[in-house]
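This report refers to the structure that appears directly beneath it.
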Amino acid sequence: MAFHEVRFPEAIGRRARGGPERRVQVVALASGREERNASWADSRRRYDVSYGIRRADDLAAVVAFWEARGGRLHGFRFRDWADYKSCPPSQTPAATDQPLGTGDGATTVFQLAKVYASGAQSWSRAIRKPVADTVTVALDGTPQTSGWTVDATTGLMTFAAPPAPGAVLTAGFAFDVPVRFEAETLDVTLDIERLGSIDSIPLLELRL
């Protein structure tokens with residue numbers, strides 16, 4: 001198996017349904033209280049892209065994409081239009097959007113991440129599939145136009161020289177979600193007008 005650095009057709013994916021899931025075990029006690037335990041440290045996303053098929057050409061594009069990926073065999077990129085930027089949906093990514101780390105005078109490689117915060121709690125999501133030409137970086141709030149590179153296949157950012165101790169690193173970017181097809185078959189239905197439809201095309205996020 002491999003990961004194909006190609007994005008699912010955006011026009012079809014724009015109408016997808018889905019979002020994050022978390023696996024939590026809930027045990028109801030005799031007293032009516034509950035004990036809850038998180039089985040996963042991180043959330044995982046699921047989508048259904050069948051809602052984006054509006055024309056026969058859309059159907060043909062999905063079938064071709066599915067065949068080229070070998071069905072469930074190879075992963076690929078998917079744009080989650082509800083969450084694909086380091087900033088709020090109405091804004092444009094900026095170099096100060098997300099914390100990247102703090103310089104220690106030795107470390108040169110940092111992982112892109114997006115922090116989801118509510119109240120005093122937060123969760124940091126590693127970003128493995130950034131869109132390369134959208135990534136910007138800042139040191140102590142000052143944008144850096146050189147001295148760094150980003151690997152769009154891993155989300156790792158490498159600095160030519162270690163950032164100074166205490167330097168605050170931030171980044172802005174757009175990103176894709178690494179996914180694979182979850183179904184082993186595509187159940188295609190042809191109606192009278194021969195437009196065609198597929199009842200469900202589930203995608204499952206990959207942990208890379």
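A note on labels: chains of the structure tokens are A, B, ... as shown, every chain counts residues from 1, and ligands are counted from 1 in their shown order.
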*asked:* Could you list, as an MDAnalysis selection string, every residue within 7 Å of Thr149 (chain A), counting only C-alpha atoms and ignoring same-chain residues fewer than 3 positions away?
replied: chainID A and resid 157:159
Using N, CA, C and O atoms, can you write the selected residues to a file as a short mmCIF file (atom, residue, chain, number, x, y, z; two decimals), in the first residue's frame?
data_model
loop_
_atom_site.label_atom_id
_atom_site.label_comp_id
_atom_site.auth_asym_id
_atom_site.auth_seq_id
_atom_site.Cartn_x
_atom_site.Cartn_y
_atom_site.Cartn_z
N MET A 157 8.40 20.94 9.20
CA MET A 157 9.05 22.18 8.80
C MET A 157 10.49 22.17 9.30
O MET A 157 10.75 21.90 10.47
N THR A 158 11.42 22.45 8.40
CA THR A 158 12.85 22.42 8.74
C THR A 158 13.46 23.79 8.55
O THR A 158 13.33 24.40 7.48
N PHE A 159 14.14 24.27 9.59
CA PHE A 159 14.83 25.56 9.54
C PHE A 159 16.30 25.34 9.19
O PHE A 159 16.92 24.38 9.65
#
Using only C-alpha atoms, which residues of region 12-100 of chain A come within 8 Å of region 199-206 of chain A, and what is the closest atom pair for each, with the distance in Å to one decimal? Give it as JSON lines, sorted by chain and residue number.
{"residue": "A:Arg44", "atom": "CA", "partner": "A:Glu205", "partner_atom": "CA", "distance": 6.0}
{"residue": "A:Arg45", "atom": "CA", "partner": "A:Glu205", "partner_atom": "CA", "distance": 5.2}
{"residue": "A:Arg46", "atom": "CA", "partner": "A:Leu204", "partner_atom": "CA", "distance": 4.8}
{"residue": "A:Tyr47", "atom": "CA", "partner": "A:Leu203", "partner_atom": "CA", "distance": 5.0}
{"residue": "A:Asp48", "atom": "CA", "partner": "A:Pro202", "partner_atom": "CA", "distance": 4.4}
{"residue": "A:Val49", "atom": "CA", "partner": "A:Ile201", "partner_atom": "CA", "distance": 5.5}
{"residue": "A:Ser50", "atom": "CA", "partner": "A:Ile201", "partner_atom": "CA", "distance": 5.1}
{"residue": "A:Gly75", "atom": "CA", "partner": "A:Leu206", "partner_atom": "CA", "distance": 7.5}
Would you give me, as CSV, each residue of region 7-55 of chain A having an atom within 12 Å of an atom of region 111-124 of chain A, along with its shortest atom pair and that distance in Å to one decimal, using only C-alpha atoms and sorting by chain and residue number?
residue,atom,partner,partner_atom,distance
A:Ala41,CA,A:Trp123,CA,9.6
A:Asp42,CA,A:Trp123,CA,8.3
A:Ser43,CA,A:Trp123,CA,9.6
_Could you check the closest approach to Ser86 (chain A) for each of A:Pro178, A:Gly147, A:Gly172, A:Gly19 and tell me which residue wins, using only C-alpha atoms?_
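Looking at the shortest contact to Ser86 (chain A), the residue is A:Gly172.
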_Residues within 10 Å of Trp66 (chain A), please, as JSON, numbers by chain. Count only C-alpha atoms; anything in the same chain fewer than 2 positions from it doesn't count._
{"A": [8, 60, 61, 62, 63, 64, 68, 69, 70, 71, 72, 73, 74, 180, 181, 185, 186, 201]}
Please write the residues from the selection above to a file, keeping all heavy atoms, as a compact mmCIF listing (two decimals), in the first residue's frame.
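Ended up saving to selection_30.txt:
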# COMPACT_ATOMS: atom_id res chain seq x y z
N PHE A 8 -8.92 14.25 -3.80
CA PHE A 8 -10.24 13.87 -4.29
C PHE A 8 -10.87 15.07 -4.98
O PHE A 8 -10.68 16.21 -4.53
CB PHE A 8 -11.10 13.41 -3.13
CG PHE A 8 -12.44 12.88 -3.51
CD1 PHE A 8 -12.59 11.57 -3.92
CD2 PHE A 8 -13.57 13.69 -3.46
CE1 PHE A 8 -13.84 11.07 -4.29
CE2 PHE A 8 -14.81 13.22 -3.82
CZ PHE A 8 -14.94 11.90 -4.24
N ALA A 60 -18.71 9.31 -13.14
CA ALA A 60 -17.57 8.73 -13.86
C ALA A 60 -16.25 9.14 -13.22
O ALA A 60 -15.31 8.35 -13.12
CB ALA A 60 -17.60 9.17 -15.33
N ALA A 61 -16.16 10.39 -12.75
CA ALA A 61 -14.94 10.87 -12.11
C ALA A 61 -14.65 10.12 -10.81
O ALA A 61 -13.50 9.77 -10.52
CB ALA A 61 -15.04 12.38 -11.83
N VAL A 62 -15.69 9.84 -10.04
CA VAL A 62 -15.52 9.12 -8.78
C VAL A 62 -15.10 7.67 -9.04
O VAL A 62 -14.20 7.14 -8.37
CB VAL A 62 -16.81 9.16 -7.94
CG1 VAL A 62 -16.71 8.21 -6.76
CG2 VAL A 62 -17.07 10.57 -7.45
N VAL A 63 -15.73 7.04 -10.00
CA VAL A 63 -15.37 5.65 -10.33
C VAL A 63 -13.92 5.58 -10.78
O VAL A 63 -13.16 4.68 -10.37
CB VAL A 63 -16.31 5.08 -11.40
CG1 VAL A 63 -15.81 3.73 -11.89
CG2 VAL A 63 -17.73 4.95 -10.85
N ALA A 64 -13.50 6.52 -11.64
CA ALA A 64 -12.11 6.54 -12.12
C ALA A 64 -11.14 6.76 -10.96
O ALA A 64 -10.09 6.11 -10.88
CB ALA A 64 -11.94 7.63 -13.18
N ALA A 68 -8.31 4.09 -9.68
CA ALA A 68 -6.90 4.49 -9.68
C ALA A 68 -6.27 4.33 -8.31
O ALA A 68 -5.05 4.13 -8.19
CB ALA A 68 -6.76 5.93 -10.16
N ARG A 69 -7.07 4.41 -7.26
CA ARG A 69 -6.55 4.22 -5.90
C ARG A 69 -6.56 2.75 -5.50
O ARG A 69 -6.14 2.41 -4.39
CB ARG A 69 -7.38 5.01 -4.88
CG ARG A 69 -7.57 6.49 -5.17
CD ARG A 69 -6.33 7.32 -4.91
NE ARG A 69 -5.40 7.33 -6.01
CZ ARG A 69 -5.58 8.01 -7.15
NH1 ARG A 69 -6.67 8.70 -7.36
NH2 ARG A 69 -4.65 7.99 -8.09
N GLY A 70 -7.09 1.87 -6.35
CA GLY A 70 -7.18 0.46 -5.99
C GLY A 70 -8.21 0.21 -4.92
O GLY A 70 -8.04 -0.67 -4.06
N GLY A 71 -9.30 0.99 -4.94
CA GLY A 71 -10.32 0.85 -3.90
C GLY A 71 -9.77 1.30 -2.55
O GLY A 71 -9.34 2.45 -2.39
N ARG A 72 -9.73 0.41 -1.59
CA ARG A 72 -9.26 0.75 -0.24
C ARG A 72 -7.74 0.69 -0.09
O ARG A 72 -7.21 0.98 0.99
CB ARG A 72 -9.88 -0.20 0.78
CG ARG A 72 -11.39 -0.18 0.82
CD ARG A 72 -11.95 -0.83 2.06
NE ARG A 72 -11.55 -2.23 2.19
CZ ARG A 72 -11.79 -2.98 3.26
NH1 ARG A 72 -12.43 -2.45 4.30
NH2 ARG A 72 -11.43 -4.24 3.30
N LEU A 73 -7.03 0.33 -1.17
CA LEU A 73 -5.60 0.03 -1.05
C LEU A 73 -4.75 1.26 -0.76
O LEU A 73 -3.88 1.23 0.13
CB LEU A 73 -5.11 -0.64 -2.34
CG LEU A 73 -3.64 -1.08 -2.35
CD1 LEU A 73 -3.38 -2.09 -1.25
CD2 LEU A 73 -3.28 -1.67 -3.73
N HIS A 74 -4.96 2.34 -1.49
CA HIS A 74 -4.08 3.51 -1.38
C HIS A 74 -4.81 4.72 -0.80
O HIS A 74 -5.97 4.98 -1.15
CB HIS A 74 -3.50 3.88 -2.74
CG HIS A 74 -2.71 2.78 -3.37
ND1 HIS A 74 -1.58 2.25 -2.79
CD2 HIS A 74 -2.89 2.09 -4.53
CE1 HIS A 74 -1.09 1.29 -3.58
NE2 HIS A 74 -1.88 1.17 -4.62
N ARG A 180 -8.74 7.27 3.06
CA ARG A 180 -8.86 6.16 2.10
C ARG A 180 -10.34 5.84 1.95
O ARG A 180 -11.18 6.23 2.78
CB ARG A 180 -8.11 4.92 2.58
CG ARG A 180 -8.67 4.28 3.85
CD ARG A 180 -8.14 2.88 4.06
NE ARG A 180 -8.53 2.30 5.34
CZ ARG A 180 -9.70 1.74 5.59
NH1 ARG A 180 -10.63 1.68 4.63
NH2 ARG A 180 -9.98 1.23 6.78
N PHE A 181 -10.68 5.14 0.87
CA PHE A 181 -12.04 4.65 0.72
C PHE A 181 -12.28 3.55 1.76
O PHE A 181 -11.39 2.74 2.02
CB PHE A 181 -12.27 4.08 -0.68
CG PHE A 181 -12.35 5.14 -1.75
CD1 PHE A 181 -11.29 5.32 -2.63
CD2 PHE A 181 -13.48 5.94 -1.87
CE1 PHE A 181 -11.36 6.30 -3.62
CE2 PHE A 181 -13.55 6.91 -2.85
CZ PHE A 181 -12.49 7.09 -3.74
N THR A 185 -16.73 -1.96 -2.34
CA THR A 185 -17.42 -1.87 -3.63
C THR A 185 -18.07 -0.50 -3.79
O THR A 185 -18.37 0.18 -2.80
CB THR A 185 -18.53 -2.94 -3.75
OG1 THR A 185 -19.50 -2.72 -2.72
CG2 THR A 185 -17.95 -4.34 -3.62
N LEU A 186 -18.31 -0.11 -5.04
CA LEU A 186 -19.10 1.07 -5.35
C LEU A 186 -20.42 0.58 -5.94
O LEU A 186 -20.45 0.00 -7.03
CB LEU A 186 -18.38 1.97 -6.36
CG LEU A 186 -17.14 2.71 -5.87
CD1 LEU A 186 -16.58 3.59 -6.98
CD2 LEU A 186 -17.45 3.56 -4.64
N ILE A 201 -20.54 6.65 -0.32
CA ILE A 201 -19.10 6.54 -0.62
C ILE A 201 -18.35 7.00 0.62
O ILE A 201 -17.96 8.17 0.74
CB ILE A 201 -18.69 7.39 -1.83
CG1 ILE A 201 -19.63 7.16 -3.02
CG2 ILE A 201 -17.24 7.08 -2.23
CD1 ILE A 201 -19.36 8.07 -4.19
*asked:* Quick one: residues within 8 Å of Trp81 (chain A), only C-alpha atoms, excluding same-chain residues fewer than 3 positions away - as a ChimeraX atom specification?
replied: /A:13-14,84
Against region 162-170 of chain A, which residues of region 23-119 of chain A fall within 6 Å? For each one I want the closest pair of atoms and the distance in Å (one decimal), counting only C-alpha atoms, rows by chain and increasing residue number, as a tab-separated table.
residue	atom	partner	partner_atom	distance
A:Thr96	CA	A:Thr170	CA	5.1
A:Gln98	CA	A:Thr170	CA	5.3
A:Pro99	CA	A:Thr170	CA	4.5
A:Leu100	CA	A:Thr170	CA	4.7
A:Gly101	CA	A:Leu169	CA	5.3
A:Thr102	CA	A:Val168	CA	4.8
A:Gly103	CA	A:Pro165	CA	4.6
A:Asp104	CA	A:Pro165	CA	4.0
A:Gly105	CA	A:Ala164	CA	4.7
A:Ala106	CA	A:Pro162	CA	5.2
A:Thr107	CA	A:Pro162	CA	5.5
A:Thr108	CA	A:Pro162	CA	4.8
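Distance-wise, CA of Leu156 (chain A) and CA of Arg128 (chain A) end up 7.6 Å apart.
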